[in-house]
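Text of the file run_30.cif, holding mmCIF, C-alpha atoms:
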data_work
#
loop_
_atom_site.label_atom_id
_atom_site.label_comp_id
_atom_site.auth_asym_id
_atom_site.auth_seq_id
_atom_site.Cartn_x
_atom_site.Cartn_y
_atom_site.Cartn_z
CA MET C 1 34.99 30.34 -100.54
CA ILE C 2 33.41 26.95 -101.26
CA ASN C 3 30.02 28.18 -100.05
CA ILE C 4 30.24 31.06 -102.53
CA ILE C 5 31.36 28.85 -105.42
CA LYS C 6 28.50 26.41 -104.85
CA ARG C 7 25.98 29.20 -105.39
CA LEU C 8 27.52 31.19 -108.23
CA ASP C 9 25.37 31.52 -111.34
CA ARG C 10 26.92 28.85 -113.58
CA GLU C 11 25.39 30.46 -116.67
CA LYS C 12 27.68 33.44 -116.04
CA TYR C 13 30.66 32.02 -114.15
CA LEU C 14 32.85 28.95 -114.54
CA PRO C 15 34.88 28.80 -111.32
CA SER C 16 38.15 26.99 -110.64
CA VAL C 17 40.01 26.47 -107.37
CA CYS C 18 43.76 26.49 -106.92
CA VAL C 19 45.68 25.32 -103.84
CA SER C 20 49.43 25.18 -103.39
CA LYS C 21 49.18 21.59 -102.13
CA LYS C 22 46.30 19.14 -102.17
CA GLY C 23 45.52 16.94 -99.23
CA GLY C 24 43.42 19.32 -97.14
CA THR C 25 40.19 18.42 -95.38
CA LEU C 26 38.08 20.31 -97.95
CA ASP C 27 39.55 18.68 -101.07
CA SER C 28 36.62 16.27 -101.43
CA GLU C 29 34.12 19.13 -101.28
CA VAL C 30 35.92 20.93 -104.10
CA GLU C 31 36.10 17.73 -106.16
CA ASP C 32 32.37 17.12 -105.65
CA LEU C 33 31.64 20.48 -107.29
CA GLY C 34 32.88 19.12 -110.61
CA ILE C 35 35.10 22.12 -111.32
CA GLN C 36 38.77 22.47 -112.15
CA PHE C 37 40.86 21.79 -109.07
CA ILE C 38 44.43 22.94 -109.62
CA GLU C 39 47.52 22.20 -107.54
CA ALA C 40 50.17 24.80 -108.27
CA ASN C 41 52.22 27.55 -106.64
CA PHE C 42 50.30 30.80 -106.96
CA THR C 43 52.93 32.78 -105.04
CA VAL C 44 56.73 32.95 -105.15
CA PRO C 45 59.23 34.40 -102.65
CA ALA C 46 59.54 38.16 -103.14
CA LYS C 47 63.32 38.10 -102.69
CA PRO C 48 65.63 38.41 -104.48
CA TYR C 49 63.81 41.34 -106.03
CA LEU C 50 65.83 41.45 -109.26
CA SER C 51 64.70 37.98 -110.30
CA LEU C 52 61.09 38.38 -109.11
CA PRO C 53 59.61 39.33 -112.51
CA SER C 54 61.14 36.32 -114.25
CA ARG C 55 60.11 33.96 -111.46
CA ALA C 56 56.55 35.31 -111.55
CA ARG C 57 56.41 34.70 -115.31
CA ARG C 58 57.58 31.11 -114.85
CA ALA C 59 54.97 30.46 -112.17
CA ALA C 60 52.28 31.96 -114.43
CA LYS C 61 52.88 29.43 -117.22
CA VAL C 62 50.79 26.84 -115.35
CA PHE C 63 47.76 29.14 -115.37
CA LYS C 64 47.85 30.60 -118.89
CA ALA C 65 45.96 27.71 -120.45
CA TYR C 66 42.96 28.31 -118.17
CA GLN C 67 42.42 31.84 -119.55
CA PHE C 68 41.12 33.24 -116.28
CA GLU C 69 39.32 36.57 -116.54
CA ILE C 70 39.01 37.18 -112.80
CA TRP C 71 41.49 35.90 -110.23
CA HIS C 72 40.12 36.11 -106.68
CA SER C 73 42.57 35.52 -103.83
CA PHE C 74 41.44 34.26 -100.44
CA HIS C 75 45.05 34.17 -99.25
CA TYR C 76 45.34 35.49 -95.68
CA LEU C 77 48.84 36.92 -95.96
CA ASP C 78 50.28 40.19 -97.25
CA ASP C 79 51.87 38.57 -100.30
CA TYR C 80 52.10 40.77 -103.41
CA THR C 81 53.61 38.23 -105.80
CA GLU C 82 50.24 36.59 -106.49
CA PRO C 83 48.84 39.58 -108.41
CA MET C 84 52.04 39.64 -110.46
CA ILE C 85 51.56 35.97 -111.38
CA SER C 86 47.90 36.64 -112.12
CA ARG C 87 48.80 39.45 -114.51
CA CYS C 88 51.45 37.34 -116.25
CA ALA C 89 48.88 34.54 -116.64
CA GLY C 90 46.57 36.92 -118.53
CA ALA C 91 43.86 37.50 -115.92
CA ARG C 92 41.92 40.71 -116.58
CA ALA C 93 41.40 41.46 -112.89
CA TRP C 94 42.90 40.46 -109.54
CA ILE C 95 40.82 40.72 -106.34
CA TYR C 96 41.68 39.86 -102.79
CA THR C 97 39.52 39.36 -99.73
CA LYS C 98 40.84 41.15 -96.63
CA LYS C 99 40.19 38.70 -93.82
CA ASN C 100 42.03 40.14 -90.83
CA MET C 101 43.11 43.39 -89.23
CA ASN C 102 46.80 43.22 -90.12
CA TRP C 103 47.92 46.41 -91.82
CA GLY C 104 50.70 48.96 -92.03
CA ARG C 105 53.45 46.93 -93.66
CA ARG C 106 54.54 48.06 -97.10
CA SER C 107 53.65 44.64 -98.48
CA TRP C 108 49.96 45.19 -97.64
CA HIS C 109 50.01 48.46 -99.56
CA LEU C 110 51.69 46.78 -102.53
CA ARG C 111 49.10 43.99 -102.47
CA SER C 112 46.37 46.62 -102.45
CA LEU C 113 48.06 48.72 -105.13
CA PHE C 114 48.15 45.74 -107.50
CA SER C 115 44.52 44.81 -106.85
CA THR C 116 41.52 45.62 -109.02
CA ARG C 117 39.12 45.36 -106.08
CA ILE C 118 39.40 44.56 -102.36
CA ALA C 119 36.59 42.75 -100.55
CA ALA C 120 36.78 43.98 -96.93
CA GLN C 121 35.02 41.88 -94.32
CA ASN C 122 34.24 44.52 -91.71
CA SER C 123 33.51 48.23 -91.45
CA ASP C 124 36.64 49.01 -89.41
CA MET C 125 38.75 47.91 -92.38
CA MET C 126 36.85 50.33 -94.58
CA ASN C 127 37.33 53.18 -92.10
CA GLU C 128 40.90 52.51 -90.99
CA PHE C 129 42.59 51.00 -94.05
CA PHE C 130 40.62 51.99 -97.12
CA SER C 131 39.14 55.41 -96.40
CA GLY C 132 41.69 57.33 -98.47
CA SER C 133 40.71 58.47 -101.95
CA PHE C 134 42.89 55.87 -103.71
CA TYR C 135 41.68 52.82 -101.77
CA ARG C 136 38.09 54.03 -101.49
CA LYS C 137 37.66 53.37 -105.22
CA LYS C 138 38.83 49.78 -104.81
CA ALA C 139 37.45 48.53 -101.51
CA LEU C 140 33.97 47.09 -101.04
CA PHE C 141 32.41 46.03 -97.74
CA ILE C 142 31.36 42.40 -98.19
CA PRO C 143 30.70 40.68 -94.83
CA ARG C 144 30.57 36.93 -94.42
CA GLY C 145 27.36 34.96 -94.73
CA VAL C 146 26.12 31.62 -93.40
CA ASP C 147 23.78 28.91 -94.62
CA THR C 148 20.70 29.60 -92.50
CA LYS C 149 19.10 26.28 -93.43
CA LYS C 150 22.09 24.33 -92.14
CA PHE C 151 22.53 26.61 -89.13
CA ALA C 152 19.16 26.90 -87.44
CA ALA C 153 17.56 26.09 -84.11
CA SER C 154 16.66 22.42 -83.81
CA ASN C 155 13.29 21.32 -82.49
CA GLU C 156 14.72 17.95 -81.47
CA SER C 157 16.24 17.57 -78.03
CA ASP C 158 19.82 16.30 -78.37
CA LEU C 159 21.64 15.47 -75.14
CA THR C 160 24.56 13.63 -76.76
CA LEU C 161 27.24 15.96 -75.39
CA ARG C 162 25.76 16.05 -71.90
CA SER C 163 25.56 12.29 -71.84
CA ARG C 164 29.05 11.76 -73.24
CA TYR C 165 30.71 14.12 -70.77
CA GLU C 166 28.39 13.39 -67.82
CA ILE C 167 27.02 16.93 -67.64
CA PRO C 168 23.82 17.23 -65.56
CA THR C 169 20.78 17.81 -67.74
CA ASP C 170 19.80 20.92 -65.78
CA ALA C 171 23.28 22.52 -65.86
CA THR C 172 24.03 25.56 -68.02
CA VAL C 173 26.47 24.76 -70.83
CA ILE C 174 28.57 27.51 -72.42
CA GLY C 175 29.93 26.84 -75.91
CA CYS C 176 32.89 28.35 -77.72
CA VAL C 177 34.02 27.53 -81.26
CA ALA C 178 37.42 29.06 -81.94
CA HIS C 179 40.72 27.62 -83.11
CA PHE C 180 43.28 27.25 -80.36
CA VAL C 181 45.53 30.24 -80.98
CA PRO C 182 46.29 33.04 -78.47
CA VAL C 183 44.25 35.69 -80.30
CA LYS C 184 41.02 33.87 -79.46
CA GLY C 185 41.33 34.73 -75.76
CA HIS C 186 40.14 31.48 -74.24
CA GLN C 187 41.89 32.42 -70.98
CA THR C 188 39.38 35.18 -70.26
CA LEU C 189 36.46 32.78 -70.65
CA ILE C 190 38.13 30.10 -68.51
CA GLN C 191 38.88 32.58 -65.72
CA ALA C 192 35.31 33.89 -65.85
CA LEU C 193 33.94 30.38 -65.46
CA SER C 194 35.81 30.02 -62.18
CA LYS C 195 33.41 32.63 -60.80
CA LEU C 196 30.30 30.71 -61.89
CA PRO C 197 29.83 27.49 -59.91
CA GLY C 198 27.91 24.68 -61.57
CA VAL C 199 28.37 26.05 -65.10
CA TYR C 200 30.07 23.95 -67.80
CA LEU C 201 32.19 25.06 -70.75
CA LEU C 202 32.81 23.18 -74.00
CA ILE C 203 35.51 24.58 -76.29
CA ALA C 204 35.77 23.28 -79.86
CA GLY C 205 38.42 24.15 -82.43
CA LYS C 206 41.55 23.02 -84.19
CA LYS C 207 44.59 22.78 -81.95
CA LEU C 208 46.80 24.94 -84.13
CA ASP C 209 49.14 25.97 -81.30
CA GLU C 210 50.00 23.03 -79.04
CA GLU C 211 51.95 25.18 -76.58
CA TYR C 212 48.92 27.44 -76.19
CA VAL C 213 46.71 24.41 -75.56
CA ARG C 214 49.08 23.24 -72.82
CA LYS C 215 48.89 26.68 -71.19
CA LEU C 216 45.10 26.52 -71.22
CA GLU C 217 45.14 23.03 -69.73
CA LYS C 218 47.50 24.24 -66.98
CA LEU C 219 45.20 27.19 -66.23
CA ILE C 220 42.20 24.87 -66.01
CA GLU C 221 44.11 22.64 -63.62
CA GLU C 222 45.25 25.58 -61.45
CA LEU C 223 41.66 26.81 -61.18
CA ASP C 224 40.43 23.28 -60.41
CA LEU C 225 37.98 23.38 -63.31
CA GLY C 226 38.90 20.09 -64.96
CA ASN C 227 35.48 18.60 -64.23
CA ARG C 228 33.62 21.58 -65.77
CA ILE C 229 35.72 22.66 -68.77
CA LEU C 230 36.30 20.36 -71.72
CA ILE C 231 38.71 21.10 -74.55
CA LEU C 232 37.39 19.16 -77.53
CA ASP C 233 39.02 18.27 -80.79
CA ASP C 234 37.78 19.98 -83.92
CA VAL C 235 34.04 19.18 -83.97
CA ALA C 236 32.71 17.92 -87.30
CA ASP C 237 29.02 18.68 -86.71
CA ILE C 238 29.00 22.33 -85.61
CA PRO C 239 25.20 22.84 -85.96
CA SER C 240 24.60 19.93 -83.56
CA PHE C 241 27.22 21.30 -81.15
CA LEU C 242 25.62 24.75 -81.17
CA ASN C 243 22.15 23.37 -80.60
CA GLN C 244 23.34 21.56 -77.46
CA VAL C 245 24.79 24.61 -75.68
CA ASP C 246 22.83 27.29 -73.86
CA VAL C 247 25.07 30.30 -74.49
CA PHE C 248 27.78 30.98 -77.07
CA VAL C 249 30.88 33.06 -76.36
CA LEU C 250 33.60 34.42 -78.65
CA PRO C 251 36.21 35.93 -76.29
CA THR C 252 38.72 37.29 -78.84
CA TRP C 253 41.44 39.51 -77.42
CA ALA C 254 41.84 43.06 -78.68
CA LYS C 255 45.59 43.44 -78.95
CA TRP C 256 45.88 41.20 -82.02
CA ARG C 257 42.71 42.59 -83.66
CA GLN C 258 42.50 39.54 -85.90
CA GLU C 259 38.78 39.06 -86.43
CA GLY C 260 37.55 39.90 -89.90
CA CYS C 261 33.93 38.80 -89.79
CA PRO C 262 33.77 35.87 -87.34
CA VAL C 263 31.71 33.16 -88.96
CA SER C 264 31.46 31.07 -85.77
CA LEU C 265 29.56 33.95 -84.17
CA LEU C 266 27.20 34.17 -87.15
CA GLU C 267 26.60 30.41 -87.05
CA ALA C 268 25.70 30.53 -83.36
CA MET C 269 23.37 33.48 -83.92
CA ALA C 270 21.70 31.66 -86.81
CA CYS C 271 21.01 28.79 -84.37
CA GLU C 272 19.21 31.29 -82.09
CA LYS C 273 21.89 31.17 -79.41
CA PRO C 274 22.30 34.14 -77.07
CA CYS C 275 25.85 35.30 -77.77
CA ILE C 276 28.56 37.19 -75.94
CA ALA C 277 31.45 38.63 -77.94
CA THR C 278 34.21 41.07 -77.18
CA ASN C 279 33.84 44.56 -78.57
CA ILE C 280 36.39 44.34 -81.37
CA SER C 281 36.50 44.74 -85.15
CA GLY C 282 34.16 42.35 -86.93
CA SER C 283 32.14 41.31 -83.91
CA ARG C 284 30.71 44.79 -83.38
CA ASP C 285 29.42 44.80 -86.98
CA ILE C 286 27.40 41.72 -86.13
CA ILE C 287 26.15 42.27 -82.59
CA GLU C 288 24.18 45.29 -81.41
CA HIS C 289 24.62 45.28 -77.65
CA ASP C 290 21.56 44.19 -75.68
CA SER C 291 19.56 43.98 -78.88
CA ASN C 292 20.73 40.73 -80.48
CA GLY C 293 23.61 39.80 -78.16
CA LEU C 294 26.03 41.21 -75.63
CA LEU C 295 29.30 43.03 -76.33
CA ILE C 296 31.86 43.29 -73.55
CA PRO C 297 35.36 44.80 -73.27
CA ALA C 298 38.09 42.45 -74.47
CA GLU C 299 40.27 40.70 -71.87
CA ASP C 300 37.92 41.71 -69.04
CA VAL C 301 37.24 38.69 -66.80
CA GLU C 302 34.75 40.51 -64.57
CA ALA C 303 32.74 41.79 -67.54
CA MET C 304 32.69 38.28 -69.02
CA ALA C 305 31.54 36.72 -65.75
CA ASN C 306 28.84 39.39 -65.29
CA ALA C 307 27.51 38.95 -68.84
CA LEU C 308 27.37 35.18 -68.42
CA GLU C 309 25.65 35.54 -65.06
CA CYS C 310 22.96 37.76 -66.61
CA LEU C 311 22.20 35.23 -69.34
CA ILE C 312 22.28 32.26 -66.98
CA ALA C 313 19.86 33.98 -64.59
CA SER C 314 17.25 34.89 -67.20
CA ARG C 315 15.72 32.40 -69.61
CA ASP C 316 13.60 35.21 -71.08
CA LEU C 317 16.71 37.24 -71.87
CA ARG C 318 18.35 34.24 -73.53
CA GLU C 319 15.30 33.61 -75.68
CA ARG C 320 14.91 37.29 -76.63
CA LEU C 321 18.53 37.69 -77.66
CA GLY C 322 18.56 34.32 -79.44
CA LYS C 323 15.55 35.14 -81.62
CA ALA C 324 16.88 38.62 -82.36
CA ALA C 325 20.24 37.10 -83.25
CA ARG C 326 18.76 34.87 -85.94
CA LYS C 327 16.70 37.78 -87.27
CA ARG C 328 19.90 39.82 -87.57
CA VAL C 329 21.61 37.06 -89.55
CA LEU C 330 18.62 36.60 -91.86
CA GLU C 331 18.57 40.33 -92.62
CA LYS C 332 22.31 40.99 -93.07
CA PHE C 333 24.49 37.89 -93.05
CA THR C 334 23.11 35.06 -95.17
CA ILE C 335 25.26 33.20 -97.66
CA GLU C 336 22.85 34.30 -100.40
CA LEU C 337 23.60 37.96 -99.64
CA GLU C 338 27.33 37.27 -99.67
CA VAL C 339 27.08 35.51 -103.04
CA ARG C 340 25.03 38.32 -104.58
CA ALA C 341 27.58 40.87 -103.38
CA HIS C 342 30.40 38.88 -104.99
CA GLU C 343 28.52 38.49 -108.25
CA ALA C 344 27.79 42.22 -108.33
CA MET C 345 31.49 42.92 -107.82
CA TYR C 346 32.50 40.52 -110.59
CA GLU C 347 29.93 41.95 -112.99
CA GLU C 348 31.02 45.53 -112.33
CA ILE C 349 34.65 44.58 -113.00
CA LEU C 350 33.87 42.75 -116.24
CA GLU C 351 31.69 45.59 -117.52
CA ALA C 352 34.39 48.15 -116.76
CA LYS C 353 37.06 46.03 -118.47
CA THR C 354 34.81 45.57 -121.53
CA LEU C 355 34.15 49.31 -121.83
CA ARG C 356 37.88 50.05 -121.74
CA ARG C 357 38.41 47.71 -124.69
CA LEU C 358 35.81 49.49 -126.83
#

Show how you would write the structure in this file as structure tokens.
Amino acid sequence: MINIIKRLDREKYLPSVCVSKKGGTLDSEVEDLGIQFIEANFTVPAKPYLSLPSRARRAAKVFKAYQFEIWHSFHYLDDYTEPMISRCAGARAWIYTKKNMNWGRRSWHLRSLFSTRIAAQNSDMMNEFFSGSFYRKKALFIPRGVDTKKFAASNESDLTLRSRYEIPTDATVIGCVAHFVPVKGHQTLIQALSKLPGVYLLIAGKKLDEEYVRKLEKLIEELDLGNRILILDDVADIPSFLNQVDVFVLPTWAKWRQEGCPVSLLEAMACEKPCIATNISGSRDIIEHDSNGLLIPAEDVEAMANALECLIASRDLRERLGKAARKRVLEKFTIELEVRAHEAMYEEILEAKTLRRL
């Protein structure tokens, strides 16, 4: 969201950001933009239903003074009270970005019913959720984009991680950037590494599920991989991390189907890293198998080990896939393309609203 806001045409758009509670790690970035940064509740509990309209109106009072024309929600959940508050605050349009593959609950349909437009992050969403005649008019396919200047292959040799963790300079290092939650499927990657002697694995991400982290640590201990697998804290300098690994892996499991458009995969590809991802929603929009990366079945340890072995054995293959990966990002997944798609959506909405008033 911040990457989009930074690049919006300020002659046309005056953005604001609202969070339910300040104090997050990105607050300073929002403040540096010099825009309105609001702390307020933009949702209310849906129950009890009888009092919901009055509670939505009360919550909307905070926002009326801002006179928002477009209200764009990046809220992950299936809440449908936010569009009600938006309408009560006087916004002319309410949009939400669909970030994950949750669907089916009535609340998702209500959220979609109340929306003006839906920005879907992968093609499976368009086909599975929004293919009907009613939703087809609302949903737009807008994949994520990355800053290809920030995320690019480095010409400078950086051995900081190898030195810090005493990894031999000639060893193959696998990298994974994924928050520590079960959906990310770290177990598959860890088990695959047990079949590849001499290979190291660095996993970076926020430890959002401490119990899950303990299970991973136990698995690493049981497989006697403690000297070759390192669970890192959330890494601040992701471009540097990516440029110090040889192969990138995103081992997401299929049963949760949570990937929207995995930005960590795009960032690795932009850095010219040969990538392996599981063949699930989102990832298969990005990677074309054996053209700009490798797609493997989810939760398949043997397939993961075989794919890694192929990349480790062939420097030429790594280089070919890495260069093709960056080319793919430059053609389809830059932040500039994502911003232009959002601006086109906003402009279409405003033009349609203006015509209705005439």

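One finds CA of Phe180 in chain C at 16.0 Å from CA of Ile238 in chain C.
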
Explicit residue set for the PyMOL selection byres ((chain C and resi 38) around 12), as a PyMOL selection string: chain C and resi 15-22+27+30-31+35-37+39-42+62-63+65-66

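Put simply, CA of Trp108 in chain C is 16.9 Å away from CA of Ser86 in chain C.
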
Length of the CA of Ala59 in chain C to CA of Ser73 in chain C vector [Å]: 15.8 Å

Given all atoms listed in the file as the counted atoms, nearest of C:Gln191, C:Thr81, C:Leu295, C:Asn243 to Asp158 in chain C: C:Asn243

The PyMOL selection byres ((chain C and resi 203) around 8) resolved against shown file, as a ChimeraX atom specification: /C:175-178,201-202,204-205,229-232

The PyMOL selection byres ((chain C and resi 310) around 12) applied to the shown file, residues as number ranges by chain: C: 196, 247, 274-276, 290, 293-294, 303-309, 311-318, 321

Which residue of C:Asp78, C:Asp234, C:Glu69, C:Glu128 approaches Thr116 in chain C most closely, using only C-alpha atoms: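 The closest residue to Thr116 in chain C is C:Glu69.
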
C:Glu221, C:Glu82, C:Asp246, C:Asp237 ranked by distance to Arg162 in chain C, top pick (using only C-alpha atoms):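 For Arg162 in chain C, the nearest of the candidates is C:Asp246.
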
For range 123-134 of chain C, what centre and edge lengths in Å (one decimal) does the axis-aligned box get once 3 Å is added on each side of all its listed atoms, as JSON?
{"center_x": 38.2, "center_y": 53.2, "center_z": -96.6, "size_x": 15.4, "size_y": 16.6, "size_z": 20.3}

Spatial neighbours of Glu336 in chain C, 8 Å, all atoms listed in the file, chain gap at least 3 places, as a PyMOL selection string: chain C and resi 7+145+147+339-340

Residues near Asp285 in chain C, cut-off 9 Å, all atoms listed in the file, skip fewer than 6 positions along chain, as a VMD selection string: chain C and resid 122 to 124 143 261

Expected answer as a count of residues only: all residues with atoms within 12 Å of (31.1, 23.7, -65.7), only C-alpha atoms: 37

Nearest to Asn3 in chain C by atom-to-atom distance, counting all atoms listed in the file, from C:Gly132, C:Pro53, C:Val146, C:Val235: C:Val146

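Considering the residues C:Glu331, C:His342, C:Ser154, C:Ile280 and counting all atoms listed in the file, Asp9 in chain C has its shortest atom-to-atom contact with C:His342.
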
Distance query range 325-328 of chain C at most 8 Å, all atoms listed in the file, self and fewer than 6 positions along chain excluded, as a PyMOL selection string: chain C and resi 269-274+286-287+292-293

Could you turn the residues from that selection into a file that holds C-alpha atoms, as a PDB file, in the frame of the given file?
ATOM      1  CA  MET C 269      23.370  33.480 -83.920  1.00  0.00           C
ATOM      2  CA  ALA C 270      21.700  31.660 -86.810  1.00  0.00           C
ATOM      3  CA  CYS C 271      21.010  28.790 -84.370  1.00  0.00           C
ATOM      4  CA  GLU C 272      19.210  31.290 -82.090  1.00  0.00           C
ATOM      5  CA  LYS C 273      21.890  31.170 -79.410  1.00  0.00           C
ATOM      6  CA  PRO C 274      22.300  34.140 -77.070  1.00  0.00           C
ATOM      7  CA  ILE C 286      27.400  41.720 -86.130  1.00  0.00           C
ATOM      8  CA  ILE C 287      26.150  42.270 -82.590  1.00  0.00           C
ATOM      9  CA  ASN C 292      20.730  40.730 -80.480  1.00  0.00           C
ATOM     10  CA  GLY C 293      23.610  39.800 -78.160  1.00  0.00           C
TER      11      GLY C 293
END
